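File shown: data14.csv (CSV, C-alpha atoms and all ligand atoms).
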chain,number,residue,atom,x,y,z
A,25,MET,CA,-0.1,-31.8,-4.7
A,26,LYS,CA,1.8,-30.1,-1.9
A,27,LYS,CA,0.0,-27.6,0.3
A,28,ARG,CA,-0.3,-24.2,-1.4
A,29,ILE,CA,1.8,-21.4,0.1
A,30,TRP,CA,0.2,-18.0,-0.7
A,31,LEU,CA,1.9,-14.7,-1.2
A,32,SER,CA,-0.1,-12.9,1.5
A,33,PRO,CA,-3.3,-14.6,2.7
A,34,PRO,CA,-5.8,-13.4,5.3
A,35,HIS,CA,-4.9,-14.3,8.9
A,36,MET,CA,-7.7,-14.1,11.5
A,37,GLY,CA,-7.2,-13.8,15.2
A,38,VAL,CA,-9.7,-15.0,17.8
A,39,SER,CA,-12.0,-12.0,18.4
A,40,GLU,CA,-13.1,-11.2,14.8
A,41,ILE,CA,-15.9,-13.8,14.9
A,42,ASN,CA,-17.2,-12.4,18.2
A,43,TYR,CA,-17.5,-8.9,16.9
A,44,VAL,CA,-19.2,-10.2,13.8
A,45,LYS,CA,-21.6,-12.3,15.9
A,46,GLU,CA,-22.3,-9.2,18.0
A,47,ALA,CA,-23.5,-7.4,14.9
A,48,PHE,CA,-25.8,-10.4,14.1
A,49,ASP,CA,-27.1,-10.7,17.6
A,50,THR,CA,-28.0,-7.0,17.7
A,51,ASN,CA,-29.3,-7.1,14.1
A,52,TRP,CA,-26.8,-4.2,13.4
A,53,ILE,CA,-26.1,-5.6,9.9
A,54,ALA,CA,-26.9,-2.3,8.1
A,55,PRO,CA,-24.1,0.1,7.1
A,56,LEU,CA,-23.2,1.9,10.2
A,57,GLY,CA,-23.1,1.0,13.8
A,58,PRO,CA,-21.0,0.3,16.9
A,59,ASN,CA,-18.4,-1.8,15.1
A,60,VAL,CA,-17.7,1.0,12.6
A,61,ASP,CA,-17.5,3.6,15.4
A,62,GLN,CA,-15.1,1.5,17.4
A,63,PHE,CA,-13.0,0.4,14.5
A,64,GLU,CA,-12.5,4.1,13.6
A,65,ARG,CA,-11.5,4.8,17.2
A,66,ASP,CA,-9.0,1.9,17.1
A,67,LEU,CA,-7.4,3.3,13.9
A,68,ILE,CA,-7.2,6.8,15.5
A,69,GLU,CA,-5.6,5.4,18.6
A,70,TYR,CA,-3.2,3.2,16.7
A,71,THR,CA,-1.9,5.8,14.2
A,72,GLY,CA,-2.2,8.8,16.4
A,73,VAL,CA,-4.2,10.6,13.7
A,74,GLY,CA,-7.0,13.0,14.7
A,75,HIS,CA,-9.9,11.5,12.7
A,76,ALA,CA,-10.8,8.5,10.6
A,77,ALA,CA,-13.6,7.3,8.3
A,78,ALA,CA,-14.0,3.6,7.6
A,79,LEU,CA,-14.9,3.0,4.0
A,80,SER,CA,-15.7,0.3,1.5
A,81,SER,CA,-12.1,0.2,0.0
A,82,GLY,CA,-8.8,1.9,-0.2
A,83,THR,CA,-9.7,2.9,-3.7
A,84,ALA,CA,-12.8,4.6,-2.4
A,85,ALA,CA,-10.6,6.4,0.1
A,86,ILE,CA,-8.3,7.7,-2.6
A,87,HIS,CA,-11.2,8.8,-4.7
A,88,LEU,CA,-12.7,10.8,-1.8
A,89,ALA,CA,-9.3,12.3,-0.9
A,90,LEU,CA,-9.0,13.6,-4.5
A,91,ILE,CA,-12.5,15.1,-4.4
A,92,LEU,CA,-11.8,16.7,-1.0
A,93,ALA,CA,-8.5,18.1,-2.4
A,94,GLY,CA,-10.7,19.8,-5.1
A,95,VAL,CA,-9.4,17.7,-8.0
A,96,LYS,CA,-11.7,18.2,-11.1
A,97,ALA,CA,-11.7,17.3,-14.8
A,98,GLY,CA,-8.6,18.4,-16.6
A,99,ASP,CA,-6.6,18.9,-13.4
A,100,GLU,CA,-3.2,17.3,-13.0
A,101,VAL,CA,-2.3,14.9,-10.1
A,102,ILE,CA,1.2,13.8,-9.4
A,103,THR,CA,1.8,10.2,-8.2
A,104,SER,CA,4.3,7.3,-8.2
A,105,THR,CA,4.6,5.2,-11.3
A,106,PHE,CA,5.8,2.3,-9.2
A,107,THR,CA,2.5,1.3,-7.5
A,108,PHE,CA,-0.7,-0.8,-7.9
A,109,SER,CA,-3.2,0.6,-10.4
A,110,ALA,CA,-5.7,1.4,-7.6
A,111,THR,CA,-3.5,4.5,-6.8
A,112,VAL,CA,-4.0,5.9,-10.3
A,113,ASN,CA,-7.5,4.8,-11.3
A,114,PRO,CA,-9.4,7.3,-9.0
A,115,ILE,CA,-7.4,10.2,-10.7
A,116,VAL,CA,-9.0,9.1,-13.9
A,117,TYR,CA,-12.4,8.7,-12.3
A,118,GLN,CA,-12.2,12.4,-11.7
A,119,GLY,CA,-11.3,13.1,-15.3
A,120,ALA,CA,-8.0,14.4,-14.1
A,121,ILE,CA,-4.5,13.6,-15.6
A,122,PRO,CA,-2.0,11.4,-13.7
A,123,ILE,CA,1.6,12.7,-13.8
A,124,LEU,CA,3.7,9.6,-13.2
A,125,ILE,CA,7.0,9.9,-11.2
A,126,ASP,CA,9.8,7.3,-11.1
A,127,SER,CA,11.3,5.7,-8.0
A,128,GLU,CA,14.6,6.4,-6.2
A,129,SER,CA,16.6,3.3,-5.6
A,130,GLY,CA,16.8,3.5,-1.8
A,131,THR,CA,13.1,3.0,-0.8
A,132,TRP,CA,11.8,2.3,-4.3
A,133,ASN,CA,9.3,5.1,-3.7
A,134,MET,CA,8.8,8.5,-5.4
A,135,ASP,CA,12.1,10.3,-6.3
A,136,PRO,CA,12.0,13.8,-4.7
A,137,ASP,CA,14.3,15.2,-7.4
A,138,LEU,CA,12.0,14.0,-10.1
A,139,LEU,CA,9.0,15.3,-8.2
A,140,GLU,CA,10.6,18.8,-8.1
A,141,LYS,CA,11.4,18.6,-11.7
A,142,SER,CA,7.9,17.7,-12.6
A,143,ILE,CA,6.3,20.4,-10.5
A,144,LYS,CA,8.4,23.1,-12.0
A,145,GLU,CA,7.8,21.8,-15.5
A,146,ARG,CA,4.0,21.5,-15.0
A,147,ILE,CA,3.9,25.0,-13.6
A,148,ARG,CA,5.9,26.3,-16.6
A,149,LYS,CA,3.5,24.6,-18.9
A,150,GLY,CA,0.7,26.6,-17.2
A,151,LYS,CA,-0.9,24.1,-14.8
A,152,LYS,CA,0.0,23.7,-11.2
A,153,PRO,CA,-0.7,20.2,-10.0
A,154,LYS,CA,-3.7,19.9,-7.8
A,155,ALA,CA,-2.5,17.1,-5.5
A,156,ILE,CA,0.4,14.7,-4.9
A,157,ILE,CA,-0.4,11.1,-4.0
A,158,LEU,CA,2.7,9.6,-2.3
A,159,VAL,CA,2.8,5.8,-2.2
A,160,HIS,CA,4.6,3.8,0.5
A,161,LEU,CA,5.0,0.6,-1.4
A,162,TYR,CA,5.4,-2.8,0.2
A,163,GLY,CA,5.2,-1.0,3.6
A,164,MET,CA,8.4,0.9,3.1
A,165,PRO,CA,8.3,4.6,4.0
A,166,ALA,CA,9.1,7.0,1.1
A,167,GLN,CA,11.5,9.9,1.7
A,168,VAL,CA,8.8,11.7,3.6
A,169,ASP,CA,10.7,14.8,4.7
A,170,GLU,CA,11.9,15.7,1.3
A,171,ILE,CA,8.6,15.1,-0.4
A,172,LYS,CA,6.5,16.9,2.3
A,173,ASP,CA,8.9,19.9,2.1
A,174,MET,CA,8.3,20.0,-1.6
A,175,ALA,CA,4.5,19.8,-1.2
A,176,ASP,CA,4.6,22.5,1.4
A,177,GLN,CA,6.9,24.8,-0.6
A,178,TYR,CA,4.7,24.6,-3.7
A,179,GLU,CA,1.5,24.5,-1.6
A,180,ILE,CA,0.2,21.3,-3.2
A,181,PRO,CA,-2.0,19.0,-1.0
A,182,LEU,CA,-0.2,15.8,-0.1
A,183,ILE,CA,-2.2,12.5,0.0
A,184,GLU,CA,-0.4,9.5,1.4
A,185,ASP,CA,-1.4,6.1,-0.1
A,186,ALA,CA,-0.5,4.0,2.9
A,187,ALA,CA,-2.6,1.0,1.7
A,188,GLU,CA,0.3,-1.3,2.2
A,189,ALA,CA,1.9,0.5,5.1
A,190,LEU,CA,-0.4,0.3,8.1
A,191,GLY,CA,2.0,0.0,11.1
A,192,SER,CA,5.0,1.4,9.3
A,193,THR,CA,6.5,4.6,10.6
A,194,TYR,CA,8.9,7.4,9.6
A,195,LYS,CA,10.8,9.1,12.4
A,196,GLU,CA,8.4,7.2,14.7
A,197,LYS,CA,5.3,8.8,13.3
A,198,ALA,CA,2.7,6.6,11.5
A,199,LEU,CA,2.6,6.7,7.7
A,200,GLY,CA,-0.6,8.2,6.5
A,201,THR,CA,-0.4,11.0,9.1
A,202,TYR,CA,2.2,13.2,7.4
A,203,GLY,CA,0.0,14.4,4.5
A,204,LEU,CA,-3.2,16.4,4.5
A,205,MET,CA,-5.0,13.0,4.2
A,206,GLY,CA,-3.9,9.4,4.4
A,207,VAL,CA,-5.4,6.2,2.9
A,208,LEU,CA,-5.4,2.7,4.4
A,209,SER,CA,-6.7,-0.6,2.8
A,210,PHE,CA,-8.0,-3.7,4.5
A,211,ASN,CA,-8.3,-5.7,1.3
A,212,GLY,CA,-7.8,-9.5,1.6
A,213,ASN,CA,-4.0,-9.5,0.9
A,214,LYS,CA,-3.1,-6.6,3.2
A,215,ILE,CA,-1.4,-6.8,6.6
A,216,ILE,CA,-4.9,-6.8,8.2
A,217,THR,CA,-8.1,-7.4,6.4
A,218,THR,CA,-11.8,-6.8,6.7
A,219,SER,CA,-12.3,-9.0,3.6
A,220,GLY,CA,-12.6,-5.7,1.7
A,221,GLY,CA,-12.4,-2.2,3.2
A,222,GLY,CA,-10.4,0.9,3.6
A,223,ALA,CA,-10.1,4.2,5.6
A,224,LEU,CA,-9.4,7.8,5.1
A,225,ILE,CA,-7.5,9.5,7.9
A,226,SER,CA,-6.6,13.1,8.6
A,227,ASP,CA,-6.0,15.5,11.4
A,228,ASN,CA,-8.5,17.8,9.8
A,229,LYS,CA,-12.0,17.1,11.2
A,230,GLU,CA,-13.9,19.0,8.5
A,231,LEU,CA,-12.3,16.8,5.8
A,232,ILE,CA,-13.2,13.5,7.5
A,233,ASP,CA,-16.8,14.8,8.3
A,234,LYS,CA,-17.2,15.7,4.6
A,235,SER,CA,-15.8,12.3,3.5
A,236,ARG,CA,-18.5,10.6,5.6
A,237,PHE,CA,-21.2,12.8,4.1
A,238,LEU,CA,-20.0,12.1,0.5
A,239,ALA,CA,-19.6,8.3,1.3
A,240,THR,CA,-23.3,8.1,2.3
A,241,GLN,CA,-24.8,9.5,-0.8
A,242,ALA,CA,-24.4,13.2,0.2
A,243,ARG,CA,-27.8,13.5,2.0
A,244,ASP,CA,-28.6,17.0,3.1
A,245,ASP,CA,-30.1,17.5,6.6
A,246,ALA,CA,-33.8,17.1,5.8
A,247,PRO,CA,-36.6,14.6,6.6
A,248,HIS,CA,-37.0,13.7,2.9
A,249,TYR,CA,-34.1,12.7,0.6
A,250,GLN,CA,-32.5,16.0,-0.4
A,251,HIS,CA,-29.2,16.3,-2.3
A,252,SER,CA,-27.2,19.3,-3.3
A,253,GLU,CA,-24.0,17.3,-4.3
A,254,VAL,CA,-23.1,14.1,-6.1
A,255,GLY,CA,-22.7,11.4,-3.5
A,256,TYR,CA,-21.1,7.9,-3.3
A,257,ASN,CA,-21.9,4.6,-1.6
A,258,TYR,CA,-18.5,4.2,0.0
A,259,ARG,CA,-19.1,3.4,3.7
A,260,MET,CA,-17.9,0.2,5.5
A,261,SER,CA,-20.5,-2.2,6.7
A,262,ASN,CA,-20.9,-2.8,10.4
A,263,VAL,CA,-20.4,-6.5,9.9
A,264,LEU,CA,-17.0,-6.0,8.2
A,265,ALA,CA,-15.9,-3.4,10.8
A,266,GLY,CA,-16.3,-6.3,13.3
A,267,ILE,CA,-13.6,-8.2,11.5
A,268,GLY,CA,-11.5,-5.0,11.5
A,269,ARG,CA,-11.8,-4.6,15.3
A,270,GLY,CA,-10.5,-8.1,15.8
A,271,GLN,CA,-7.7,-7.6,13.4
A,272,MET,CA,-6.5,-4.5,15.2
A,273,GLU,CA,-5.9,-6.7,18.3
A,274,VAL,CA,-3.4,-8.7,16.3
A,275,LEU,CA,-1.9,-6.0,14.1
A,276,ASP,CA,1.3,-5.7,16.1
A,277,ASP,CA,1.7,-9.5,16.1
A,278,HIS,CA,1.3,-9.5,12.3
A,279,ILE,CA,4.0,-6.8,11.9
A,280,LYS,CA,6.4,-8.8,14.1
A,281,LEU,CA,5.8,-11.9,12.1
A,282,ARG,CA,6.1,-10.2,8.7
A,283,ARG,CA,9.3,-8.5,9.9
A,284,SER,CA,10.6,-11.9,11.0
A,285,ASN,CA,9.9,-13.4,7.6
A,286,PHE,CA,12.0,-10.6,6.1
A,287,GLN,CA,14.8,-11.3,8.5
A,288,TYR,CA,14.7,-15.1,7.8
A,289,TYR,CA,14.9,-14.6,4.1
A,290,LYS,CA,17.7,-12.0,4.5
A,291,ASP,CA,19.7,-14.2,6.9
A,292,HIS,CA,19.7,-17.1,4.4
A,293,LEU,CA,19.8,-15.4,1.0
A,294,SER,CA,21.9,-12.3,1.3
A,295,LYS,CA,25.1,-14.4,1.2
A,296,TYR,CA,24.5,-15.1,-2.5
A,297,GLU,CA,26.1,-12.8,-5.0
A,298,GLY,CA,23.6,-10.8,-7.0
A,299,MET,CA,20.7,-11.1,-4.4
A,300,SER,CA,19.6,-8.0,-2.7
A,301,PHE,CA,16.5,-6.8,-0.6
A,302,LEU,CA,14.2,-3.9,-0.2
A,303,GLU,CA,15.5,-2.7,3.2
A,304,GLU,CA,15.1,0.2,5.6
A,305,PRO,CA,17.8,2.7,4.6
A,306,ASN,CA,18.4,3.8,8.2
A,307,LYS,CA,16.7,4.1,11.7
A,308,ASP,CA,14.2,6.8,10.5
A,309,TYR,CA,12.5,4.2,8.4
A,310,LEU,CA,10.4,1.4,10.0
A,311,SER,CA,8.7,-0.9,7.5
A,312,ASN,CA,5.9,-3.4,8.4
A,313,TYR,CA,7.6,-5.5,5.7
A,314,TRP,CA,4.2,-6.3,4.3
A,315,LEU,CA,6.0,-8.2,1.5
A,316,THR,CA,9.6,-9.3,1.4
A,317,CYS,CA,11.0,-8.2,-2.0
A,318,ILE,CA,14.2,-9.4,-3.5
A,319,LEU,CA,16.2,-8.3,-6.6
A,320,VAL,CA,18.0,-10.9,-8.6
A,321,ASN,CA,20.7,-9.4,-10.8
A,322,PRO,CA,21.5,-12.0,-13.5
A,323,ALA,CA,24.9,-10.3,-14.2
A,324,GLN,CA,26.1,-11.5,-10.8
A,325,THR,CA,24.1,-14.8,-10.5
A,326,ARG,CA,25.6,-16.5,-13.5
A,327,GLY,CA,22.5,-15.8,-15.5
A,328,ILE,CA,19.9,-17.0,-13.0
A,329,THR,CA,16.9,-14.7,-13.1
A,330,ARG,CA,14.0,-13.9,-10.9
A,331,GLU,CA,11.8,-15.9,-13.4
A,332,ASP,CA,13.9,-19.0,-12.7
A,333,ILE,CA,13.1,-18.6,-9.0
A,334,ARG,CA,9.5,-17.7,-9.5
A,335,LEU,CA,8.9,-20.7,-11.8
A,336,ALA,CA,10.8,-23.1,-9.4
A,337,LEU,CA,8.5,-21.9,-6.6
A,338,GLN,CA,5.4,-22.3,-8.8
A,339,ASP,CA,6.4,-25.9,-9.5
A,340,GLU,CA,6.3,-26.4,-5.7
A,341,ASN,CA,2.8,-24.8,-5.5
A,342,ILE,CA,4.3,-21.7,-3.9
A,343,GLU,CA,3.0,-18.3,-5.0
A,344,ALA,CA,5.6,-15.6,-5.7
A,345,ARG,CA,5.0,-12.5,-7.9
A,346,PRO,CA,7.1,-10.0,-9.9
A,347,LEU,CA,7.1,-6.5,-8.4
A,348,TRP,CA,4.3,-4.1,-9.5
A,349,LYS,CA,4.6,-3.3,-13.2
A,350,PRO,CA,5.1,0.5,-13.4
A,351,MET,CA,2.0,2.5,-14.4
A,352,HIS,CA,3.8,4.2,-17.3
A,353,LEU,CA,4.3,0.8,-18.9
A,354,GLN,CA,0.6,-0.2,-18.5
A,355,PRO,CA,-1.4,0.0,-21.7
A,356,VAL,CA,-4.2,2.0,-20.0
A,357,PHE,CA,-1.8,4.7,-18.6
A,358,LYS,CA,1.1,4.7,-21.1
A,359,ASP,CA,0.1,8.0,-22.7
A,360,TYR,CA,0.2,10.1,-19.5
A,361,PRO,CA,3.2,12.3,-18.7
A,362,TYR,CA,6.1,10.4,-17.1
A,363,TYR,CA,9.2,11.7,-15.4
A,364,GLY,CA,12.0,9.3,-14.8
A,365,GLY,CA,14.9,7.3,-15.8
A,366,GLY,CA,14.8,3.5,-15.7
A,367,THR,CA,14.7,2.8,-12.0
A,368,SER,CA,11.2,1.3,-11.7
A,369,GLU,CA,11.5,-0.5,-15.0
A,370,LYS,CA,14.7,-2.2,-13.8
A,371,LEU,CA,13.0,-3.1,-10.5
A,372,PHE,CA,10.1,-4.7,-12.4
A,373,GLU,CA,12.5,-6.6,-14.6
A,374,ILE,CA,14.6,-8.2,-11.8
A,375,GLY,CA,12.4,-8.1,-8.7
A,376,LEU,CA,10.3,-10.7,-6.9
A,377,CYS,CA,7.9,-10.7,-4.0
A,378,LEU,CA,8.3,-13.7,-1.7
A,379,PRO,CA,5.6,-15.4,0.3
A,380,SER,CA,5.2,-13.1,3.3
A,381,GLY,CA,2.0,-14.1,5.2
A,382,SER,CA,1.9,-13.6,9.0
A,383,ASN,CA,0.5,-17.2,9.2
A,384,MET,CA,3.4,-18.9,7.5
A,385,THR,CA,4.7,-21.8,9.5
A,386,ASP,CA,8.4,-22.6,10.0
A,387,GLU,CA,7.9,-25.5,7.7
A,388,ASP,CA,6.4,-23.2,5.1
A,389,ARG,CA,9.3,-20.9,5.3
A,390,GLY,CA,11.7,-23.8,5.1
A,391,ARG,CA,10.0,-25.1,1.9
A,392,VAL,CA,10.2,-21.7,0.3
A,393,LEU,CA,13.9,-21.3,1.2
A,394,LYS,CA,14.9,-24.8,0.1
A,395,THR,CA,13.3,-24.2,-3.3
A,396,ILE,CA,15.1,-20.9,-3.8
A,397,THR,CA,18.5,-22.1,-2.6
A,398,LYS,CA,18.2,-25.1,-5.0
A,399,THR,CA,17.8,-22.7,-7.8
A,400,LEU,CA,20.8,-20.7,-6.6
A,401,GLU,CA,23.2,-23.7,-6.2
A,402,LYS,CA,25.5,-22.5,-9.0
A,403,ILE,CA,25.9,-19.0,-7.6
A,404,LYS,CA,29.0,-17.8,-5.8
A,405,LEU,CA,28.8,-16.9,-2.2
A,406,ARG,CA,29.9,-13.5,-1.1
B,1,LIG,C1,-4.4,-2.3,-2.2
B,1,LIG,C2,-3.9,-1.0,-2.6
B,1,LIG,C3,-4.8,0.0,-2.9
B,1,LIG,C4,-6.3,-0.1,-2.9
B,1,LIG,O1,-6.9,-0.6,-1.9
B,1,LIG,P1,-8.3,-1.5,-2.0
B,1,LIG,O2,-8.8,-1.6,-0.6
B,1,LIG,O3,-7.9,-2.8,-2.6
B,1,LIG,O4,-9.2,-0.7,-2.9
B,1,LIG,C5,-4.3,1.3,-3.2
B,1,LIG,N1,-3.0,1.5,-3.3
B,1,LIG,C6,-2.1,0.5,-3.1
B,1,LIG,C7,-0.6,0.8,-3.2
B,1,LIG,C8,-2.5,-0.8,-2.8
B,1,LIG,O5,-1.7,-1.8,-2.6
Rewrite the coordinates I just gave you, this time as structure tokens.
Ligand SMILES: *Cc1c(COP(=O)(O)O)cnc(C)c1O
Amino acid sequence: MKKRIWLSPPHMGVSEINYVKEAFDTNWIAPLGPNVDQFERDLIEYTGVGHAAALSSGTAAIHLALILAGVKAGDEVITSTFTFSATVNPIVYQGAIPILIDSESGTWNMDPDLLEKSIKERIRKGKKPKAIILVHLYGMPAQVDEIKDMADQYEIPLIEDAAEALGSTYKEKALGTYGLMGVLSFNGNKIITTSGGGALISDNKELIDKSRFLATQARDDAPHYQHSEVGYNYRMSNVLAGIGRGQMEVLDDHIKLRRSNFQYYKDHLSKYEGMSFLEEPNKDYLSNYWLTCILVNPAQTRGITREDIRLALQDENIEARPLWKPMHLQPVFKDYPYYGGGTSEKLFEIGLCLPSGSNMTDEDRGRVLKTITKTLEKIKLR
């Protein structure tokens, strides 16, 4: 069996193990400690945000953001349909109702026109949405200005799900720092990982202080255990934050490598009719290219589909995946309100994520490319 090439595997630098060892040597294994404090400072410095709380996952960060935005049972929360389920699940944890919005075809993220339509209609129906969760999928910035203007105009708190977009910028400002709060993830497949983890970031100190309080079981200031609010166990451990500190040292390298993967695929595949890429629309958008995503349009490829490519890669022990299946098509979310045409459905039908790890070798990339181009042999060149 040939060596497995993964879609987006962890990639450790050199310092991670030392910070972890430091935690062991000082017996600072328990939840909080110097690695957590320094990892939070690293995130603040990197993104330019005012405050950060390191948490157990990106999902936990979204859940806390919704609680801090005052989302309660029966409230409505607007979000992108084209995302991973972890964006939507916490809305349901709160007993709130997700309102799912389709993508625009430029960045594949939330369509500002559909957003406006949905806000107006929800207000007309008697309920103003309590929050907007804007996703920057695959590291590609959404149309931030348009969406932020809308959130401001209707005075609805904006939460950015930048779980896939650490290091991406819009107009040279980090994603996750435009909204009232931003969410990061350090899950195993993300651009950097702590094996599992996340963060909530904001310029508002009170919100981040409150998130830390809620994330540590909401203990009141008393010598005994005293609670006036429901709490959560959502903090990051000091051991895992050690991995995060090491990963921050290599984040810029990872971005360079992921961007070079994108460029490599594009240089070699865009000459084929019917093949296109998720790309930065103009200089305002800088993507970390967490994953390189292609569209395979069978009408122009003499019938060759993304499944043909995916299965050919699978036969070579190479992992590739269809794009995220939109939430309004998921059995668990299909009955919630949805605003859209067919954009995300079409993307799901013809899109594929290619292996994009920052630790891919030239040989790995060559193997992926060769497998794809063999499948495309019959296709006309542009
Ligand atoms: C990974 C991811 C999350 C959740 O992060 P976890 O750390 O895995 O809980 C949320 N939203 C999106 C878009 C993601 O890709």
(request) Could you check which of A:Glu303, A:Asp137, A:Glu100, A:Glu184 is closest to ligand LIG 1 (chain B), using all atoms listed in the file? (result) A:Glu184
Return as a tab-separated table the residues of chain A lying at most 9 Å from ligand LIG 1 (chain B), together with the closest atom-to-atom pair for each and the distance in Å to one decimal, counting all atoms listed in the file, with rows in chain order and ascending residue number.
residue	atom	partner	partner_atom	distance
A:Leu79	CA	B:LIG1	O2	8.9
A:Ser80	CA	B:LIG1	O2	7.5
A:Ser81	CA	B:LIG1	O2	3.8
A:Gly82	CA	B:LIG1	O2	3.5
A:Thr83	CA	B:LIG1	O4	3.7
A:Ala84	CA	B:LIG1	O4	6.4
A:Ala85	CA	B:LIG1	O4	7.8
A:Ile86	CA	B:LIG1	C5	7.6
A:Phe106	CA	B:LIG1	C7	8.9
A:Thr107	CA	B:LIG1	C7	5.3
A:Phe108	CA	B:LIG1	C7	5.0
A:Ser109	CA	B:LIG1	N1	7.2
A:Ala110	CA	B:LIG1	C5	4.6
A:Thr111	CA	B:LIG1	N1	4.6
A:Val112	CA	B:LIG1	N1	8.3
A:Val159	CA	B:LIG1	C7	6.1
A:His160	CA	B:LIG1	C7	7.1
A:Leu161	CA	B:LIG1	C7	5.9
A:Tyr162	CA	B:LIG1	O5	7.7
A:Asp185	CA	B:LIG1	N1	5.8
A:Ala186	CA	B:LIG1	C7	6.9
A:Ala187	CA	B:LIG1	C8	4.8
A:Glu188	CA	B:LIG1	O5	5.2
A:Ala189	CA	B:LIG1	C7	8.7
A:Val207	CA	B:LIG1	C5	7.9
A:Leu208	CA	B:LIG1	O1	7.3
A:Ser209	CA	B:LIG1	O2	4.1
A:Phe210	CA	B:LIG1	O2	5.6
A:Asn211	CA	B:LIG1	O2	4.5
A:Gly212	CA	B:LIG1	O3	7.9
A:Asn213	CA	B:LIG1	C1	7.8
A:Lys214	CA	B:LIG1	C1	7.0
A:Gly220	CA	B:LIG1	O2	6.0
A:Gly221	CA	B:LIG1	O2	5.3
A:Gly222	CA	B:LIG1	O2	5.1
A:Ala223	CA	B:LIG1	O2	8.6
(message) Taking 3 positions as the minimum chain separation for residues in the same chain, which residues sit within 9 Å of Asn257 of chain A when counting all atoms listed in the file? Answer as a ChimeraX atom specification.
(response) /A:80,238-241
Restricting it to C-alpha atoms, dump the selection as a compact mmCIF listing (two decimals), in the frame of the given file.
# COMPACT_ATOMS: atom_id res chain seq x y z
CA SER A 80 -15.70 0.30 1.50
CA LEU A 238 -20.00 12.10 0.50
CA ALA A 239 -19.60 8.30 1.30
CA THR A 240 -23.30 8.10 2.30
CA GLN A 241 -24.80 9.50 -0.80
(request) Compare A:Asn228, A:Tyr360, A:Ser235, A:Ala166 by their minimum atom-to-atom distance to Val101 of chain A, counting all atoms listed in the file, and give me the closest one. (result)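 The closest residue to Val101 of chain A is A:Tyr360.
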List the neighbours of Pro181 of chain A out to 9 Å using all atoms listed in the file; skip same-chain residues closer than 6 positions along the sequence, and give me the result as a short mmCIF file (atom, residue, chain, number, x, y, z; two decimals) with C-alpha atoms, in the frame of the given file.
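What landed in out.cif:
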data_model
loop_
_atom_site.label_atom_id
_atom_site.label_comp_id
_atom_site.auth_asym_id
_atom_site.auth_seq_id
_atom_site.Cartn_x
_atom_site.Cartn_y
_atom_site.Cartn_z
CA ALA A 93 -8.50 18.10 -2.40
CA LYS A 154 -3.70 19.90 -7.80
CA ALA A 155 -2.50 17.10 -5.50
CA ILE A 156 0.40 14.70 -4.90
CA ILE A 157 -0.40 11.10 -4.00
CA ALA A 175 4.50 19.80 -1.20
CA GLY A 203 0.00 14.40 4.50
CA LEU A 204 -3.20 16.40 4.50
CA MET A 205 -5.00 13.00 4.20
#
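Picture a line from atom CA of Gly390 of chain A to atom CA of Leu315 of chain A; it runs 17.0 Å.
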(request) Pick out the closest residue to Gly266 of chain A from this set: A:Thr218, A:Ser32, A:Ser294, A:Thr316. Count all atoms listed in the file. (result)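 Ranking A:Thr218, A:Ser32, A:Ser294, A:Thr316 by distance to Gly266 of chain A, first place goes to A:Thr218.
Nearest residue to Gly255 of chain A, choosing from A:Leu88, A:Leu275, A:Leu400, A:Leu393 and counting all atoms listed in the file: A:Leu88.
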(message) I'd like the interatomic distance between atom CA of Thr367 of chain A and atom CA of Gln167 of chain A, to a tenth of an Å.
(response) 15.8 Å
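Once Met164 of chain A and its same-chain neighbours fewer than 6 positions away are set aside, Thr131, Trp132, Asn133, Glu188, Ala189, Ser192, Thr193, Leu302, Glu303, Glu304, Tyr309, Leu310, Ser311, Asn312, Tyr313 and Trp314 of chain A remain within 9 Å of it when counting only C-alpha atoms.
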Mind checking which residues fall within 10 Å of Val44 of chain A, counting all atoms listed in the file, ignoring those fewer than 2 positions away in the same chain, and posting them as a PDB file with C-alpha atoms, keeping the file's coordinate frame?
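Output (out06.pdb):
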ATOM      1  CA  SER A  39     -12.000 -12.000  18.400  1.00  0.00           C
ATOM      2  CA  GLU A  40     -13.100 -11.200  14.800  1.00  0.00           C
ATOM      3  CA  ILE A  41     -15.900 -13.800  14.900  1.00  0.00           C
ATOM      4  CA  ASN A  42     -17.200 -12.400  18.200  1.00  0.00           C
ATOM      5  CA  GLU A  46     -22.300  -9.200  18.000  1.00  0.00           C
ATOM      6  CA  ALA A  47     -23.500  -7.400  14.900  1.00  0.00           C
ATOM      7  CA  PHE A  48     -25.800 -10.400  14.100  1.00  0.00           C
ATOM      8  CA  ASP A  49     -27.100 -10.700  17.600  1.00  0.00           C
ATOM      9  CA  TRP A  52     -26.800  -4.200  13.400  1.00  0.00           C
ATOM     10  CA  ILE A  53     -26.100  -5.600   9.900  1.00  0.00           C
ATOM     11  CA  ASN A  59     -18.400  -1.800  15.100  1.00  0.00           C
ATOM     12  CA  ASN A 262     -20.900  -2.800  10.400  1.00  0.00           C
ATOM     13  CA  VAL A 263     -20.400  -6.500   9.900  1.00  0.00           C
ATOM     14  CA  LEU A 264     -17.000  -6.000   8.200  1.00  0.00           C
ATOM     15  CA  ALA A 265     -15.900  -3.400  10.800  1.00  0.00           C
ATOM     16  CA  GLY A 266     -16.300  -6.300  13.300  1.00  0.00           C
ATOM     17  CA  ILE A 267     -13.600  -8.200  11.500  1.00  0.00           C
ATOM     18  CA  GLY A 268     -11.500  -5.000  11.500  1.00  0.00           C
ATOM     19  CA  ARG A 269     -11.800  -4.600  15.300  1.00  0.00           C
ATOM     20  CA  GLY A 270     -10.500  -8.100  15.800  1.00  0.00           C
TER      21      GLY A 270
END
(request) Please provide as JSON, numbers by chain all residues within 9 Å of Leu67 of chain A, with the sequence filter that same-chain residues fewer than 3 positions apart are discarded (counting all atoms listed in the file). (result) {"A": [62, 63, 64, 70, 71, 72, 73, 75, 76, 223, 225, 272]}
